[in-house]
Amino acid sequence: MPPNLTGYYRFVSQDNMDGYLRALDINVALRKLVCLLKPDKEIIHAGDHMTIRTITSLRNYIMDFDLGKEFEEDLGPVDGRKCQTVVSWEGDQLVCEQQGEKRNRGWRHWLEGDHLHLHMTAEDEVCVQIFQKVK
């Protein structure tokens, strides 16, 4: 049975956000700004339904979905694109595949103790973020 990721997580660290954003064709000024942000995550996990809120001082992004069901995701707040998205479990990892203009786009979340790990991919770039569970 996969873990329940429900909780609030504070940003700890990140690596290669600039490379990831460059792969998404984000302009240099916005890349610099985003690299300074320290997002928090709030996850609500109830059965096969999940809501993931990414909370920053610039803007928030809410992803609300049913596991294993494809949906159109509007990534306008991120990079202005739409894609077909499916989120499902692979073992203990929550895996998101985003089909659209960019190859190899998606992310995976998993827990190690009270740390939430996030690997985001686009093209050949990988951004790694780590969050600490607080409640």
# chains A, B, ... in the order shown; residues from 1 in each chain; ligands from 1
$ select_by_dssp --residues "chain A" --states "strand (DSSP E or B)" --output "MDAnalysis selection string"
chainID A and resid 7:15 40:46 49:55 61:66 71:75 81:90 93:99 106:112 115:122 125:133
$ closest_residue --among "A:Glu72, A:Glu42, A:Glu125, A:Asp79" --to "A:Asn104" --atoms "only C-alpha atoms"
A:Glu125
$ closest_atom_pairs --of "stretch 94-128 of chain A" --to "stretch 4-15 of chain A" --cutoff "8 Å" --atoms "only C-alpha atoms" --output "tab-separated table"
residue	atom	partner	partner_atom	distance
A:Leu111	CA	A:Leu5	CA	7.8
A:Leu116	CA	A:Tyr9	CA	7.3
A:Cys127	CA	A:Asp15	CA	5.7
A:Val128	CA	A:Asp15	CA	5.2
$ closest_residue --among "A:Val87, A:Leu24, A:Leu37, A:Val95" --to "A:His49" --atoms "only C-alpha atoms"
A:Val87
$ select_by_dssp --residues "stretch 1-134 of chain A" --states "helix (DSSP H, G or I)" --output "mmCIF file with all heavy atoms, in the first residue's frame"
data_model
loop_
_atom_site.group_PDB
_atom_site.id
_atom_site.type_symbol
_atom_site.label_atom_id
_atom_site.label_comp_id
_atom_site.auth_asym_id
_atom_site.auth_seq_id
_atom_site.Cartn_x
_atom_site.Cartn_y
_atom_site.Cartn_z
ATOM 1 N N MET A 17 17.348 24.238 -10.303
ATOM 2 C CA MET A 17 16.086 24.863 -10.719
ATOM 3 C C MET A 17 16.293 25.685 -11.992
ATOM 4 O O MET A 17 15.461 25.660 -12.897
ATOM 5 C CB MET A 17 15.527 25.739 -9.597
ATOM 6 C CG MET A 17 14.245 26.467 -9.992
ATOM 7 S SD MET A 17 12.870 25.386 -10.471
ATOM 8 C CE MET A 17 12.219 24.977 -8.859
ATOM 9 N N ASP A 18 17.403 26.401 -12.097
ATOM 10 C CA ASP A 18 17.642 27.227 -13.285
ATOM 11 C C ASP A 18 17.693 26.368 -14.552
ATOM 12 O O ASP A 18 17.095 26.715 -15.563
ATOM 13 C CB ASP A 18 18.926 28.043 -13.138
ATOM 14 C CG ASP A 18 19.088 29.041 -14.271
ATOM 15 O OD1 ASP A 18 18.302 30.011 -14.315
ATOM 16 O OD2 ASP A 18 19.977 28.834 -15.119
ATOM 17 N N GLY A 19 18.377 25.236 -14.506
ATOM 18 C CA GLY A 19 18.448 24.353 -15.675
ATOM 19 C C GLY A 19 17.091 23.804 -16.063
ATOM 20 O O GLY A 19 16.751 23.726 -17.249
ATOM 21 N N TYR A 20 16.295 23.440 -15.068
ATOM 22 C CA TYR A 20 14.944 22.940 -15.313
ATOM 23 C C TYR A 20 14.076 24.014 -15.979
ATOM 24 O O TYR A 20 13.409 23.758 -16.986
ATOM 25 C CB TYR A 20 14.337 22.477 -13.984
ATOM 26 C CG TYR A 20 12.873 22.157 -14.031
ATOM 27 C CD1 TYR A 20 12.412 20.971 -14.596
ATOM 28 C CD2 TYR A 20 11.928 23.028 -13.486
ATOM 29 C CE1 TYR A 20 11.055 20.671 -14.626
ATOM 30 C CE2 TYR A 20 10.574 22.725 -13.505
ATOM 31 C CZ TYR A 20 10.145 21.549 -14.084
ATOM 32 O OH TYR A 20 8.805 21.259 -14.114
ATOM 33 N N LEU A 21 14.130 25.232 -15.451
ATOM 34 C CA LEU A 21 13.336 26.330 -16.012
ATOM 35 C C LEU A 21 13.815 26.715 -17.408
ATOM 36 O O LEU A 21 13.022 27.058 -18.277
ATOM 37 C CB LEU A 21 13.372 27.542 -15.088
ATOM 38 C CG LEU A 21 12.722 27.343 -13.717
ATOM 39 C CD1 LEU A 21 12.993 28.542 -12.825
ATOM 40 C CD2 LEU A 21 11.238 27.067 -13.851
ATOM 41 N N ARG A 22 15.111 26.630 -17.637
ATOM 42 C CA ARG A 22 15.667 26.907 -18.978
ATOM 43 C C ARG A 22 15.120 25.899 -19.978
ATOM 44 O O ARG A 22 14.772 26.250 -21.111
ATOM 45 C CB ARG A 22 17.191 26.877 -18.925
ATOM 46 C CG ARG A 22 17.853 27.495 -20.125
ATOM 47 C CD ARG A 22 19.371 27.636 -19.990
ATOM 48 N NE ARG A 22 19.999 26.606 -19.184
ATOM 49 C CZ ARG A 22 20.615 26.836 -18.014
ATOM 50 N NH1 ARG A 22 20.683 28.029 -17.519
ATOM 51 N NH2 ARG A 22 21.163 25.845 -17.358
ATOM 52 N N ALA A 23 15.008 24.629 -19.575
ATOM 53 C CA ALA A 23 14.455 23.591 -20.452
ATOM 54 C C ALA A 23 12.993 23.864 -20.794
ATOM 55 O O ALA A 23 12.500 23.424 -21.833
ATOM 56 C CB ALA A 23 14.595 22.211 -19.799
ATOM 57 N N VAL A 28 15.037 34.648 -18.637
ATOM 58 C CA VAL A 28 16.073 34.744 -17.614
ATOM 59 C C VAL A 28 15.619 35.524 -16.386
ATOM 60 O O VAL A 28 15.934 35.141 -15.254
ATOM 61 C CB VAL A 28 17.387 35.317 -18.201
ATOM 62 C CG1 VAL A 28 17.229 36.772 -18.612
ATOM 63 C CG2 VAL A 28 18.537 35.144 -17.233
ATOM 64 N N ALA A 29 14.861 36.599 -16.550
ATOM 65 C CA ALA A 29 14.418 37.384 -15.395
ATOM 66 C C ALA A 29 13.509 36.557 -14.482
ATOM 67 O O ALA A 29 13.674 36.555 -13.257
ATOM 68 C CB ALA A 29 13.699 38.647 -15.867
ATOM 69 N N LEU A 30 12.551 35.846 -15.063
ATOM 70 C CA LEU A 30 11.657 35.014 -14.270
ATOM 71 C C LEU A 30 12.403 33.837 -13.646
ATOM 72 O O LEU A 30 12.139 33.472 -12.497
ATOM 73 C CB LEU A 30 10.483 34.519 -15.123
ATOM 74 C CG LEU A 30 9.372 33.777 -14.377
ATOM 75 C CD1 LEU A 30 8.837 34.599 -13.197
ATOM 76 C CD2 LEU A 30 8.249 33.407 -15.330
ATOM 77 N N ARG A 31 13.362 33.263 -14.361
ATOM 78 C CA ARG A 31 14.176 32.173 -13.799
ATOM 79 C C ARG A 31 14.899 32.639 -12.539
ATOM 80 O O ARG A 31 14.924 31.934 -11.531
ATOM 81 C CB ARG A 31 15.205 31.660 -14.811
ATOM 82 C CG ARG A 31 14.626 30.830 -15.908
ATOM 83 C CD ARG A 31 15.647 29.968 -16.624
ATOM 84 N NE ARG A 31 16.940 30.550 -16.847
ATOM 85 C CZ ARG A 31 17.361 31.108 -17.990
ATOM 86 N NH1 ARG A 31 16.534 31.180 -19.027
ATOM 87 N NH2 ARG A 31 18.575 31.582 -18.113
ATOM 88 N N LYS A 32 15.508 33.818 -12.595
ATOM 89 C CA LYS A 32 16.236 34.352 -11.435
ATOM 90 C C LYS A 32 15.297 34.522 -10.248
ATOM 91 O O LYS A 32 15.651 34.185 -9.117
ATOM 92 C CB LYS A 32 16.898 35.695 -11.770
ATOM 93 C CG LYS A 32 17.917 35.617 -12.872
ATOM 94 C CD LYS A 32 19.167 34.923 -12.415
ATOM 95 C CE LYS A 32 20.220 34.942 -13.516
ATOM 96 N NZ LYS A 32 21.228 33.941 -13.343
ATOM 97 N N LEU A 33 14.101 35.049 -10.503
ATOM 98 C CA LEU A 33 13.125 35.245 -9.444
ATOM 99 C C LEU A 33 12.684 33.912 -8.846
ATOM 100 O O LEU A 33 12.669 33.736 -7.625
ATOM 101 C CB LEU A 33 11.916 36.020 -9.988
ATOM 102 C CG LEU A 33 10.797 36.306 -8.998
ATOM 103 C CD1 LEU A 33 11.294 37.167 -7.844
ATOM 104 C CD2 LEU A 33 9.641 36.983 -9.701
ATOM 105 N N VAL A 34 12.325 32.965 -9.701
ATOM 106 C CA VAL A 34 11.844 31.663 -9.223
ATOM 107 C C VAL A 34 12.928 30.947 -8.416
ATOM 108 O O VAL A 34 12.626 30.300 -7.408
ATOM 109 C CB VAL A 34 11.361 30.791 -10.406
ATOM 110 C CG1 VAL A 34 11.090 29.363 -9.964
ATOM 111 C CG2 VAL A 34 10.112 31.409 -11.023
ATOM 112 N N CYS A 35 14.180 31.084 -8.816
ATOM 113 C CA CYS A 35 15.270 30.422 -8.089
ATOM 114 C C CYS A 35 15.445 30.969 -6.672
ATOM 115 O O CYS A 35 16.029 30.296 -5.818
ATOM 116 C CB CYS A 35 16.575 30.532 -8.870
ATOM 117 S SG CYS A 35 16.606 29.471 -10.325
ATOM 118 N N LEU A 36 14.934 32.165 -6.408
ATOM 119 C CA LEU A 36 15.009 32.753 -5.065
ATOM 120 C C LEU A 36 13.869 32.301 -4.157
ATOM 121 O O LEU A 36 13.951 32.450 -2.935
ATOM 122 C CB LEU A 36 15.002 34.281 -5.156
ATOM 123 C CG LEU A 36 16.202 34.912 -5.839
ATOM 124 C CD1 LEU A 36 15.991 36.414 -5.998
ATOM 125 C CD2 LEU A 36 17.485 34.620 -5.072
#
$ atom_distance --atom1 "atom CA of A:Leu67" --atom2 "atom CA of A:Lys41"
18.3 Å
$ atom_distance --atom1 "atom CA of A:Gln84" --atom2 "atom CA of A:Thr54"
19.6 Å
$ atom_distance --atom1 "atom CA of A:Ile130" --atom2 "atom CA of A:Gly68"
24.6 Å
$ residues_around --residues "A:Glu73" --least-positions-apart "6" --cutoff "7 Å" --atoms "only C-alpha atoms" --output "list in words"
Lys82, Cys83, Gln84 and Thr85 of chain A
$ write_last_selection --atoms "C-alpha atoms" --output "mmCIF file, in the first residue's frame"
data_model
loop_
_atom_site.group_PDB
_atom_site.id
_atom_site.type_symbol
_atom_site.label_atom_id
_atom_site.label_comp_id
_atom_site.auth_asym_id
_atom_site.auth_seq_id
_atom_site.Cartn_x
_atom_site.Cartn_y
_atom_site.Cartn_z
ATOM 1 C CA LYS A 82 -1.317 22.903 -21.259
ATOM 2 C CA CYS A 83 -0.591 19.202 -21.177
ATOM 3 C CA GLN A 84 -2.248 15.839 -20.664
ATOM 4 C CA THR A 85 -1.299 14.626 -17.198
#
$ closest_residue --among "A:His119, A:Glu70, A:Asp40, A:Arg81" --to "A:Phe131" --atoms "only C-alpha atoms"
A:Asp40
$ closest_residue --among "A:Ser57, A:Gln132, A:Gln99, A:Ser88" --to "A:Glu112" --atoms "only C-alpha atoms"
A:Gln132
$ closest_residue --among "A:Ala46, A:Pro39, A:Pro2, A:Asp64" --to "A:Leu118" --atoms "only C-alpha atoms"
A:Pro39
$ closest_residue --among "A:Phe65, A:Trp110, A:Phe71, A:Trp89" --to "A:Arg53" --atoms "only C-alpha atoms"
A:Phe65
